[in-house]
Structure formats: structure tokens, C-alpha cells
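The next block is final.cif, given as mmCIF, C-alpha atoms and all ligand atoms.
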```cif
data_start
loop_
_atom_site.label_atom_id
_atom_site.label_comp_id
_atom_site.auth_asym_id
_atom_site.auth_seq_id
_atom_site.Cartn_x
_atom_site.Cartn_y
_atom_site.Cartn_z
CA TRP K 2 8.71 11.59 9.40
CA LEU K 3 7.12 11.59 12.86
CA PRO K 4 6.36 8.57 15.01
CA TYR K 5 2.73 7.73 15.66
CA THR K 6 1.24 5.65 18.44
CA ASP K 7 -2.23 4.26 17.86
CA GLU K 8 -4.81 3.58 20.57
CA TRP K 9 -3.45 0.05 21.02
CA GLY K 10 0.08 1.29 21.67
CA ASN K 11 1.23 -0.18 18.31
CA LYS K 12 0.85 -3.66 19.77
CA PHE K 13 -1.26 -6.74 19.12
CA ASP K 14 -2.66 -8.65 22.07
CA ASP K 15 -0.04 -11.38 21.63
CA GLY K 16 2.70 -8.82 22.17
CA GLU K 17 3.85 -8.37 18.56
CA THR K 18 4.60 -4.71 17.88
CA TYR K 19 4.73 -2.49 14.79
CA ASP K 20 5.96 1.04 14.14
CA LEU K 21 3.96 3.79 12.48
CA ILE K 22 5.32 6.99 10.98
CA TYR K 23 3.68 9.82 9.07
CA PRO K 24 4.99 12.79 7.12
CA GLU K 25 4.78 16.39 8.29
CA VAL K 26 5.92 18.56 5.41
CA THR K 27 6.76 22.23 5.38
CA ILE K 28 8.15 24.28 2.54
CA PRO K 29 10.01 27.47 3.57
CA GLU K 30 8.30 30.62 2.40
CA ASP K 31 11.34 31.76 0.44
CA ALA K 32 11.37 28.50 -1.53
CA PHE K 33 8.30 29.61 -3.47
CA TYR K 34 9.22 31.09 -6.83
CA VAL K 35 5.83 32.62 -7.48
CA PRO K 36 3.49 34.25 -4.93
CA LEU K 37 1.06 31.73 -3.49
CA GLN K 38 -2.29 31.80 -5.19
CA ALA K 39 -5.43 29.72 -5.21
CA LYS K 40 -8.07 30.24 -7.87
CA GLY K 41 -6.30 33.41 -8.96
CA LYS K 42 -6.29 34.97 -5.47
CA ASP K 43 -3.21 35.53 -3.31
CA ILE K 44 -3.17 33.40 -0.20
CA PRO K 45 -1.06 34.04 2.91
CA TYR K 46 1.79 31.64 3.62
CA SER K 47 0.29 30.95 7.05
CA ASP K 48 -2.70 29.33 5.32
CA LEU K 49 -0.51 26.85 3.47
CA ARG K 50 -0.66 23.14 4.30
CA VAL K 51 1.44 20.57 2.48
CA ARG K 52 0.44 16.95 1.92
CA LEU K 53 2.42 14.29 0.12
CA GLU K 54 0.94 12.14 -2.60
CA SER K 55 2.95 9.46 -4.32
CA THR K 56 1.95 7.90 -7.58
CA ILE K 57 0.90 4.28 -7.81
CA GLY K 58 1.66 1.88 -10.63
CA ILE K 59 0.06 2.66 -13.94
CA TYR K 60 -0.06 -0.98 -15.02
CA GLY K 61 -3.60 -2.29 -15.28
CA THR K 62 -5.16 1.14 -15.72
CA GLY K 63 -6.18 0.12 -19.26
CA LEU K 64 -8.16 -2.73 -17.75
CA LEU K 65 -9.84 -0.40 -15.26
CA ASP K 66 -10.83 1.84 -18.18
CA ALA K 67 -12.60 -1.16 -19.70
CA ILE K 68 -15.01 -1.49 -16.75
CA SER K 69 -18.37 -0.31 -18.06
CA ASP K 70 -20.05 2.86 -16.78
CA GLU K 71 -23.08 0.75 -15.83
CA ASP K 72 -21.01 -1.54 -13.61
CA LEU K 73 -19.21 1.38 -11.97
CA ARG K 74 -22.54 3.08 -11.31
CA ALA K 75 -23.94 -0.17 -9.89
CA GLN K 76 -21.04 -0.36 -7.42
CA TYR K 77 -21.93 3.10 -6.07
CA GLN K 78 -25.60 2.08 -5.87
CA THR K 79 -24.71 -1.07 -3.93
CA GLU K 80 -22.52 0.81 -1.46
CA GLU K 81 -25.15 3.51 -1.02
CA LYS K 82 -27.77 0.83 -0.37
CA HIS K 83 -25.57 -0.65 2.35
CA GLY K 84 -25.21 2.74 4.01
CA ALA K 85 -21.56 3.30 3.10
CA ASN K 86 -20.08 6.74 3.73
CA LEU K 87 -19.70 8.19 0.21
CA ASN K 88 -18.06 11.44 -0.85
CA PRO K 89 -21.03 13.77 -1.49
CA THR K 90 -19.03 15.75 -4.05
CA VAL K 91 -18.76 12.56 -6.14
CA TRP K 92 -22.03 10.74 -5.47
CA LYS K 93 -25.21 12.15 -3.99
CA ASP K 94 -28.80 10.87 -3.72
CA GLY K 95 -28.46 8.03 -6.18
CA ASP K 96 -26.41 9.75 -8.87
CA PHE K 97 -22.99 11.10 -9.69
CA ALA K 98 -22.50 14.64 -8.40
CA ARG K 99 -19.52 15.29 -10.61
CA TYR K 100 -18.00 13.99 -13.82
CA TYR K 101 -14.82 14.45 -15.76
CA THR K 102 -15.20 16.70 -18.76
CA ASN K 103 -12.86 18.38 -21.19
CA THR K 104 -14.36 21.39 -22.90
CA LYS K 105 -11.05 22.80 -24.10
CA GLN K 106 -10.20 19.99 -26.52
CA GLY K 107 -13.36 17.94 -26.32
CA ASP K 108 -17.06 18.54 -26.50
CA GLY K 109 -17.79 18.49 -22.78
CA THR K 110 -19.03 14.87 -22.73
CA LYS K 111 -19.32 13.64 -19.15
CA TYR K 112 -17.11 10.75 -18.09
CA LEU K 113 -17.44 8.91 -14.79
CA PRO K 114 -14.65 9.59 -12.27
CA ARG K 115 -12.21 6.65 -12.25
CA TYR K 116 -8.62 7.69 -11.71
CA THR K 117 -6.35 9.31 -9.12
CA TYR K 118 -6.82 9.14 -5.36
CA GLY K 119 -9.02 12.24 -5.73
CA LEU K 120 -11.11 10.72 -8.57
CA THR K 121 -10.27 13.72 -10.70
CA ARG K 122 -9.94 11.95 -14.05
CA GLY K 123 -12.22 10.04 -16.37
CA SER K 124 -11.24 7.91 -19.33
CA ILE K 125 -7.59 6.86 -19.46
CA GLN K 126 -7.14 8.67 -22.79
CA ASP K 127 -7.36 11.87 -20.74
CA GLY K 128 -6.31 10.26 -17.46
CA PRO K 129 -3.23 10.63 -15.30
CA GLY K 130 -0.74 9.23 -17.88
CA ALA K 131 -2.04 11.15 -20.89
CA ASN K 132 -2.06 14.32 -18.81
CA ALA K 133 1.10 13.78 -16.79
CA ILE K 134 3.28 13.29 -19.86
CA TRP K 135 2.22 16.83 -20.72
CA ASN K 136 1.54 18.67 -17.47
CA ILE K 137 4.31 17.30 -15.27
CA THR K 138 7.04 17.30 -17.90
CA ASN K 139 5.63 20.11 -20.06
CA VAL K 140 6.18 17.95 -23.13
CA THR K 141 4.06 19.53 -25.87
CA ARG K 142 2.29 17.54 -28.58
CA SER K 143 0.20 18.34 -31.62
CA ASP K 144 -3.02 18.67 -29.65
CA ARG K 145 -1.37 20.62 -26.81
CA ARG K 146 1.03 23.18 -28.17
CA TYR K 147 1.10 25.04 -24.86
CA HIS K 148 2.69 24.62 -21.46
CA TYR K 149 1.02 23.80 -18.19
CA MET K 150 1.58 27.31 -16.92
CA THR K 151 0.05 30.25 -15.09
CA PRO K 152 0.42 33.88 -16.14
CA ALA K 153 1.86 34.61 -12.68
CA TYR K 154 4.65 32.07 -13.20
CA ALA K 155 5.41 33.38 -16.69
CA GLN K 156 5.60 36.90 -15.28
CA VAL K 157 8.07 36.03 -12.51
CA ALA K 158 10.21 33.91 -14.85
CA SER K 159 10.33 36.66 -17.46
CA GLU K 160 11.75 39.05 -14.85
CA ASP K 161 14.27 36.55 -13.45
CA PRO K 162 17.86 37.55 -14.41
CA GLU K 163 19.01 33.90 -14.43
CA VAL K 164 16.28 32.94 -16.88
CA GLN K 165 16.96 36.01 -18.99
CA ALA K 166 20.69 35.19 -19.15
CA LYS K 167 20.15 31.71 -20.62
CA PHE K 168 16.86 32.03 -22.46
CA TYR K 169 18.16 32.58 -26.00
CA THR K 170 20.77 29.86 -25.53
CA TYR K 171 18.03 27.31 -24.85
CA TYR K 172 15.43 28.70 -27.24
CA PRO K 173 17.26 30.54 -30.05
CA GLU K 174 14.17 30.28 -32.27
CA TRP K 175 12.31 32.48 -29.79
CA ARG K 176 14.41 35.61 -30.38
CA LYS K 177 11.22 37.22 -31.64
CA SER K 178 11.30 40.79 -30.43
CA GLY K 179 14.75 41.00 -28.88
CA ASP K 180 13.08 42.18 -25.65
CA VAL K 181 14.09 39.19 -23.56
CA LYS K 182 11.44 39.74 -20.91
CA LYS K 183 8.67 39.86 -23.50
CA ASP K 184 10.09 36.88 -25.40
CA ILE K 185 10.20 34.74 -22.23
CA TYR K 186 6.66 35.67 -21.31
CA ASP K 187 5.38 35.01 -24.83
CA TYR K 188 7.23 31.70 -25.03
CA LEU K 189 5.88 30.41 -21.71
CA THR K 190 2.30 31.43 -22.48
CA SER K 191 2.30 30.61 -26.19
CA SER K 192 -0.29 28.21 -27.57
CA GLU K 193 1.61 27.69 -30.81
CA LEU K 194 4.73 25.91 -29.61
CA PRO K 195 6.41 23.24 -31.70
CA ALA K 196 5.32 19.73 -30.67
CA ASP K 197 8.04 18.04 -28.60
CA MET K 198 6.32 14.69 -29.04
CA THR K 199 5.19 13.48 -32.44
CA ASP K 200 1.71 11.98 -32.89
CA GLU K 201 3.32 8.62 -33.52
CA GLU K 202 5.20 8.84 -30.21
CA TYR K 203 2.05 9.81 -28.35
CA ILE K 204 0.16 6.91 -29.91
CA ASP K 205 2.99 4.52 -28.97
CA PHE K 206 2.93 5.89 -25.43
CA MET K 207 -0.81 5.28 -25.10
CA VAL K 208 -0.57 1.78 -26.60
CA TRP K 209 2.02 1.00 -23.93
CA HIS K 210 0.04 2.77 -21.19
CA ARG K 211 -3.23 0.97 -21.96
CA GLY K 212 -1.47 -2.32 -22.44
CA LEU K 213 0.97 -2.50 -19.54
CA ALA K 214 0.17 -5.88 -18.03
CA VAL K 215 -0.62 -6.74 -14.45
CA PRO K 216 1.71 -9.37 -12.98
CA SER K 217 -0.09 -12.62 -12.25
CA ALA K 218 -0.76 -13.61 -8.65
CA ARG K 219 1.83 -15.88 -7.06
CA ASP K 220 1.32 -19.10 -5.08
CA ALA K 221 -2.44 -18.80 -5.35
CA ASP K 222 -2.85 -22.52 -4.65
CA SER K 223 -0.89 -22.50 -1.42
CA LYS K 224 -2.71 -23.12 1.85
CA GLU K 225 -1.49 -19.84 3.30
CA PHE K 226 -2.77 -17.82 0.32
CA GLN K 227 -6.15 -19.52 0.53
CA GLN K 228 -6.36 -18.89 4.27
CA GLY K 229 -5.41 -15.22 3.80
CA LYS K 230 -7.98 -14.82 1.03
CA LYS K 231 -10.72 -16.26 3.23
CA LEU K 232 -9.84 -13.98 6.15
CA PHE K 233 -9.62 -10.96 3.83
CA GLU K 234 -13.23 -11.61 2.80
CA GLU K 235 -14.46 -12.45 6.31
CA MET K 236 -13.00 -9.25 7.80
CA GLY K 237 -14.79 -7.06 5.25
CA CYS K 238 -11.63 -5.93 3.46
CA ALA K 239 -13.18 -7.09 0.21
CA THR K 240 -16.12 -4.70 0.49
CA CYS K 241 -13.77 -1.84 -0.45
CA HIS K 242 -11.02 -3.93 -2.02
CA ARG K 243 -13.52 -5.58 -4.40
CA PRO K 244 -11.60 -8.57 -5.75
CA THR K 245 -12.98 -8.92 -9.25
CA TRP K 246 -14.77 -7.12 -12.07
CA THR K 247 -15.69 -8.17 -15.60
CA THR K 248 -14.90 -5.54 -18.19
CA GLY K 249 -17.54 -4.18 -20.58
CA ASP K 250 -17.39 -3.55 -24.35
CA ASP K 251 -14.41 -1.22 -23.88
CA GLN K 252 -15.07 1.24 -26.66
CA ILE K 253 -12.22 3.74 -26.84
CA ARG K 254 -13.33 7.12 -25.52
CA ASP K 255 -11.15 10.19 -25.54
CA PRO K 256 -12.26 13.41 -23.84
CA ASN K 257 -9.43 15.11 -25.81
CA ASN K 258 -10.76 14.02 -29.20
CA PHE K 259 -7.33 12.72 -30.20
CA PHE K 260 -8.10 8.99 -30.28
CA VAL K 261 -11.14 9.19 -32.52
CA GLY K 262 -11.92 7.59 -35.87
CA ALA K 263 -9.09 5.50 -37.31
CA ARG K 264 -6.76 6.48 -34.44
CA ALA K 265 -9.06 4.89 -31.87
CA SER K 266 -8.57 1.52 -33.52
CA LEU K 267 -4.80 1.72 -32.92
CA LEU K 268 -5.25 1.26 -29.18
CA PRO K 269 -5.56 -2.17 -27.53
CA ARG K 270 -8.98 -3.02 -26.05
CA TYR K 271 -9.89 -5.46 -23.30
CA PRO K 272 -13.58 -6.30 -23.61
CA HIS K 273 -15.24 -8.95 -21.42
CA GLN K 274 -12.23 -9.91 -19.30
CA LYS K 275 -12.39 -11.08 -15.72
CA ILE K 276 -9.91 -8.89 -13.84
CA TRP K 277 -8.69 -8.88 -10.23
CA PRO K 278 -7.81 -5.32 -9.15
CA TYR K 279 -9.05 -5.50 -5.51
CA THR K 280 -10.67 -2.08 -5.62
CA ASP K 281 -14.22 -0.79 -5.70
CA MET K 282 -12.98 2.35 -7.55
CA ILE K 283 -14.68 4.44 -4.82
CA GLN K 284 -13.29 6.84 -2.22
CA HIS K 285 -13.43 6.24 1.52
CA GLN K 286 -12.23 8.01 4.64
CA LEU K 287 -9.61 6.23 6.72
CA GLN K 288 -9.09 9.30 8.92
CA MET K 289 -5.37 8.87 9.38
CA LYS K 290 -3.20 11.57 10.95
CA ASN K 291 -2.19 14.21 8.37
CA ASN K 292 -4.52 12.48 5.96
CA ILE K 293 -4.65 12.91 2.21
CA ARG K 294 -5.95 16.26 0.93
CA THR K 295 -9.77 16.38 1.33
CA GLY K 296 -9.66 13.23 3.50
CA TRP K 297 -11.17 11.10 0.72
CA CYS K 298 -9.03 8.48 -0.95
CA ARG K 299 -9.94 6.05 -3.72
CA THR K 300 -9.39 2.43 -2.67
CA THR K 301 -5.96 1.57 -3.98
CA PRO K 302 -5.91 -1.45 -6.30
CA LEU K 303 -3.86 -4.13 -4.56
CA TRP K 304 -2.91 -6.11 -7.68
CA GLY K 305 0.81 -6.34 -8.38
CA ARG K 306 1.85 -4.18 -5.44
CA GLY K 307 3.45 -7.14 -3.66
CA LEU K 308 6.22 -7.17 -6.27
CA SER K 309 7.32 -3.68 -5.33
CA MET K 310 10.18 -4.83 -3.08
CA LYS K 311 11.54 -7.06 -5.81
CA ALA K 312 11.13 -4.42 -8.52
CA THR K 313 12.19 -1.28 -6.65
CA GLY K 314 13.84 -2.31 -3.37
CA ALA K 315 11.06 -0.70 -1.32
CA SER K 316 7.56 -1.77 -0.42
CA ASP K 317 6.10 1.57 0.66
CA ARG K 318 2.33 1.74 0.65
CA LEU K 319 -0.53 4.23 1.11
CA HIS K 320 -0.97 7.52 -0.70
CA ASP K 321 2.09 9.18 0.85
CA CYS K 322 4.23 6.04 1.28
CA ARG K 323 3.96 6.27 5.08
CA ALA K 324 3.51 2.52 5.46
CA ARG K 325 6.69 0.52 5.00
CA THR K 326 5.00 -2.86 5.32
CA VAL K 327 1.59 -4.37 4.72
CA ILE K 328 0.96 -4.58 8.48
CA GLU K 329 1.58 -0.83 8.82
CA ALA K 330 -0.74 -0.15 5.87
CA ILE K 331 -3.47 -2.22 7.49
CA MET K 332 -3.09 -0.61 10.90
CA TRP K 333 -3.38 2.89 9.36
CA HIS K 334 -6.98 1.85 8.52
CA GLY K 335 -7.78 1.62 12.23
CA ALA K 336 -8.73 5.13 13.42
CA LYS K 337 -11.87 5.23 15.59
CA ASN K 338 -13.92 7.06 12.93
CA SER K 339 -12.37 5.26 9.95
CA ASP K 340 -14.71 3.67 7.40
CA ALA K 341 -12.61 0.52 7.80
CA ARG K 342 -12.64 0.45 11.61
CA GLN K 343 -14.65 -2.77 11.90
CA SER K 344 -12.35 -4.74 9.66
CA ILE K 345 -9.36 -3.62 11.72
CA GLU K 346 -11.05 -4.71 14.94
CA LYS K 347 -11.45 -8.12 13.31
CA PHE K 348 -7.85 -8.10 12.11
CA ARG K 349 -6.71 -7.45 15.66
CA LYS K 350 -8.50 -10.58 16.83
CA LEU K 351 -6.52 -12.82 14.46
CA SER K 352 -3.68 -15.01 15.66
CA LYS K 353 -0.14 -14.23 14.59
CA GLU K 354 -0.27 -17.03 12.04
CA GLU K 355 -3.56 -15.72 10.59
CA ARG K 356 -2.18 -12.17 10.31
CA LYS K 357 0.79 -13.60 8.45
CA ALA K 358 -1.57 -15.40 6.04
CA VAL K 359 -3.35 -12.10 5.28
CA VAL K 360 -0.02 -10.40 4.61
CA THR K 361 1.16 -13.27 2.39
CA PHE K 362 -2.12 -13.11 0.46
CA ILE K 363 -1.77 -9.35 -0.09
CA GLU K 364 1.88 -9.68 -1.10
CA SER K 365 0.92 -12.42 -3.57
CA ILE K 366 -1.91 -10.74 -5.46
C1 LIG R 1 -13.70 1.33 3.97
C2 LIG R 1 -12.93 0.84 2.86
C3 LIG R 1 -11.75 -0.05 3.15
C4 LIG R 1 -11.70 -1.20 3.88
C5 LIG R 1 -12.85 -1.89 4.63
C6 LIG R 1 -10.36 -1.68 3.80
N1 LIG R 1 -9.60 -0.85 3.03
FE1 LIG R 1 -7.65 -1.08 2.57
N2 LIG R 1 -7.64 0.72 1.65
C7 LIG R 1 -8.72 1.55 1.53
C8 LIG R 1 -8.28 2.82 1.01
C9 LIG R 1 -9.18 4.02 0.74
C10 LIG R 1 -6.90 2.73 0.83
C11 LIG R 1 -5.96 3.83 0.38
C12 LIG R 1 -5.63 4.68 1.60
C13 LIG R 1 -4.54 5.70 1.41
O1 LIG R 1 -3.57 5.47 0.68
O2 LIG R 1 -4.63 6.76 2.07
C14 LIG R 1 -6.52 1.40 1.23
C15 LIG R 1 -5.24 0.90 1.18
C16 LIG R 1 -4.87 -0.39 1.55
C17 LIG R 1 -3.56 -0.95 1.42
C18 LIG R 1 -2.36 -0.24 0.84
C19 LIG R 1 -2.41 -0.22 -0.67
C20 LIG R 1 -1.14 0.35 -1.26
O3 LIG R 1 -0.37 -0.43 -1.83
O4 LIG R 1 -0.93 1.58 -1.13
C21 LIG R 1 -3.59 -2.23 1.90
C22 LIG R 1 -2.45 -3.23 1.96
C23 LIG R 1 -4.94 -2.47 2.36
N3 LIG R 1 -5.70 -1.34 2.11
C24 LIG R 1 -5.38 -3.64 2.95
C25 LIG R 1 -6.61 -3.78 3.58
C26 LIG R 1 -6.98 -4.89 4.41
C27 LIG R 1 -6.13 -6.10 4.71
C28 LIG R 1 -8.25 -4.63 4.86
C29 LIG R 1 -9.07 -5.45 5.82
C30 LIG R 1 -8.48 -5.69 7.11
C31 LIG R 1 -8.66 -3.37 4.27
N4 LIG R 1 -7.64 -2.88 3.52
C32 LIG R 1 -9.91 -2.81 4.45
C33 LIG R 1 -10.03 1.25 1.84
C34 LIG R 1 -10.41 0.17 2.64
#
```
Show me the file's structure as C-alpha cells.
Ligand code: HEC
Amino acid sequence: WLPYTDEWGNKFDDGETYDLIYPEVTIPEDAFYVPLQAKGKDIPYSDLRVRLESTIGIYGTGLLDAISDEDLRAQYQTEEKHGANLNPTVWKDGDFARYYTNTKQGDGTKYLPRYTYGLTRGSIQDGPGANAIWNITNVTRSDRRYHYMTPAYAQVASEDPEVQAKFYTYYPEWRKSGDVKKDIYDYLTSSELPADMTDEEYIDFMVWHRGLAVPSARDADSKEFQQGKKLFEEMGCATCHRPTWTTGDDQIRDPNNFFVGARASLLPRYPHQKIWPYTDMIQHQLQMKNNIRTGWCRTTPLWGRGLSMKATGASDRLHDCRARTVIEAIMWHGAKNSDARQSIEKFRKLSKEERKAVVTFIESI
């Protein structure tokens, strides 16, 4: 973690100071198990750059799934109309430039980008949770009887003496040919593995995932909260951190084709609810040092995040947890060419007491 000094010397005009740090990550070349590749091509170690990305809470993602496509599209249209800087790979000339599709398990239907900082996922039924339970843990299920795996990885693992020594102990049922190298390779690349997770377990997981509630806002009637809320709107924070949406019909849609027919009706739905996520669901560029990969980051929903200290003992914020407090998170918006520059100039003009009200408001929502 390296120290960072912004153009104001990490100081407000009234003398109050703050610290900023950012991560610089390197991974030694010999720590890589498999030769570095991108899109199937070897890449030299000297071309490697590492960026951190932490996950954010998955509560409330069911409610965000219930926002209608029309309303999401309208938000892009509004921002485009107001001349906002929009990621041309996501939205260009009045329409979406990319969608989320799943042709492997689904029929290639196009879903609007909604989830992850990179807007790489569509409906929650094939969103970060439904995918991560499989591709981060390699937990197989009836509709995915294969690992998240590359042939290059399977090759290296199959030749690794340590893997060879233990393979049949872990997977006795895979003593297929007796050639341990071949058996390891076939196991890792198989598409007919037993399902680690039953359908019932996967359904339960998605009921929980869709349904995980958002904590209610605290002290919303207090004077300080109300003052912070007003300032948040006046400074333009709310243009990106859009306070409220009303959900649509919330028909269950699954790019994987798992939650269809009778199964779709097992999942909870949240039609026509007024929700308060404080996000426009759109990416912006804050231009911070060692910024997120691609430089585009979806506006993080602010709901519930203020309980992080209580729930986890830490209140880290931003995509790589570089901000340890709300003030630090705000000041990382302040680069000269940041899309949020104007709101930070306004924030800097606030009195100490007003800044505190903004922080209290953000911690309370
Ligand atoms: C141009 C759009 C934009 C504006 C204006 C904006 N933000 Fe943000 N905000 C973002 C984006 C994008 C992120 C996520 C950045 C990241 O993690 O790299 C973010 C993240 C945050 C976070 C951290 C969220 C978390 O828990 O990780 C806070 C707090 C925050 N903004 C508060 C504010 C406040 C207060 C203002 C007004 C002074 C403001 N923002 C103005 C786009 C904006």
C-alpha cells in the first residue's frame, strides 16, 4: 500500500487532513503455475499488470434485478442527453453496445448489463453469485458438470508430481485408465462430472441470494441525516448515486435456462417496489491512481455499506478497498479529469460540520 498525496496536499481549507493509500500489486513470475496466456496466446511476464478488485455485498442484488429493462435504458438515455461520459463499449449512439448472453446453456437471448464493476453480467440468475458458486469454488451442479478450467492448466496439473501423488486418494472413482497423467487431464476437463451441489441446494442458494434483505436506513429523521442528504443532492453526488428506483414486473429470467417453467416460480420476486440503492447502475471514470481494470467502474450502491464496521470490523470502500473511511472514498473521486470532479470541488467548499453530515448520511443509508 503506497501513500498518495492529492493536489490539495490531503488537506481541507480549514486544516483538517486525511490520508490516502493505494495498492501496487506484483506477483513474482515463479508464482504462476501455468504459463501466462490471454485469449489463448502466451504473453510475456513484463506485460503483466495486476489490479485488485474486492467483492461488494450481494444483499439487494435481487432487487436490482427487478428494475425493468426500460427503466435501465431510460437512465442511460438521460445521462447521454446530459452529456455524461459513458463507456462506449457498453452504450453508444443511443443504444446498448453490448449485452450479456449465454449461448452455452441458453439460447443467446440478450440481457442488459447490470452486475459487477465491469458490467459483465446480466440477470442475477446468471450473475456473479450464480456463477461464482461454480467458477470460483469449482462446485459442479446438474447444469454445469464441468470445471472452470483451461486446457493449459489441466496439462500442467496432469504433469505435476505432487498432483499425481495424491490424485487417486482424492478421486478414487477416477482411476479410469491407470495412466495418472491422462486420468488427471480427463478429470479436469471432463464435462460429465458428478454434481457436487444438488438441484435443491442450488435452488435454495438462489432463493437466499435473490432474497437477502437490505438493512434499513438508520436515523433518517435526524437533522444531521437530513442535512447530509440535502448536501449529497446539491453537490451532484445523486446524479451517479441515484437514490431511488421503482422495480418493474420482475419476471424471472435465466440466461442458463435452469430457472424456467415451474422452477422459476420457486424464486422470490419483488415487483413494483420503491428501492433505495443509490446507484445509477452505470459506469463512470474516477481516474484514480492505479485505477480499476479498464478505468470504468459501475457506481457502487451505497445502501447498507455503513454497517460494514459493525458487521465485519472494517469499513473499507472502493473497488480495491483502498479507502478506509468515507472521507477517503469521497476524496478518491477528486482527480482533475474525474467524472465526479465538480462534486468534489463542492464538497471541498463545505464546512467541517457539513462534511460530517454527508459522512453521517452515507454511513446511515
Ligand atoms: C460521476 C459519477 C459519480 C459521482 C458524481 C459521485 N460518485 Fe461516488 N462513486 C462513483 C463510482 C463509479 C464509485 C465506485 C468507484 C470505485 O470503487 O472505483 C463510487 C463510489 C463511492 C463511494 C464508495 C462506495 C463503496 O462502499 O465502495 C462513496 C462513499 C461515494 N462514491 C460517495 C460519493 C459522494 C459523497 C459523492 C458526491 C460528493 C459522489 N460519490 C459522487 C461515481 C460517482
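Closest approach to ligand LIG 1 (chain R) among K:Arg176, K:Arg142, K:Arg325, K:Arg219 is made by K:Arg325 (distances from all atoms listed in the file).
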- Query: Can you tell me which residues sit at most 7 Å away from ligand LIG 1 (chain R), counting all atoms listed in the file, written as a PyMOL selection string?
  - Reply: chain K and resi 233+236-242+284-287+292-293+298-303+306+318-321+327+330-331+334+340-341+344-345+348+359+363
- Asp108 (chain K): which residues within 10 Å, counting all atoms listed in the file, same-chain residues fewer than 6 positions away excluded, as a list of chain:residue names?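 Once the adjacent positions are removed, what remains is K:Thr102, K:Pro256, K:Asn257, K:Asn258.
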- Item | Close residues, Arg52 (chain K) itself excluded, 12 Å, only C-alpha atoms, min 6 positions apart in chain, as a list in words |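 Here the qualifying residues turn out to be Tyr23, Pro24, Glu25, Val26, Thr27, Ile28, Lys290, Asn291, Asn292, Ile293, Arg294, Thr295, Gly296, His320, Asp321, Cys322 and Arg323 of chain K.
Atom pair CA of Tyr118 (chain K) / CA of Asp281 (chain K): separated by 12.4 Å.
Interatomic distance, CA of Pro216 (chain K) to CA of Asp127 (chain K): 24.4 Å.
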Give me, as CSV, the closest atom pair and its distance (Å, one decimal) for every residue of region 26-107 of chain K within a cut-off of 7 Å of region 113-116 of chain K, counting all atoms listed in the file, rows sorted by chain and rising number.
```
residue,atom,partner,partner_atom,distance
K:Asp70,CA,K:Leu113,CA,6.9
K:Tyr100,CA,K:Leu113,CA,5.2
K:Tyr101,CA,K:Pro114,CA,6.0
```
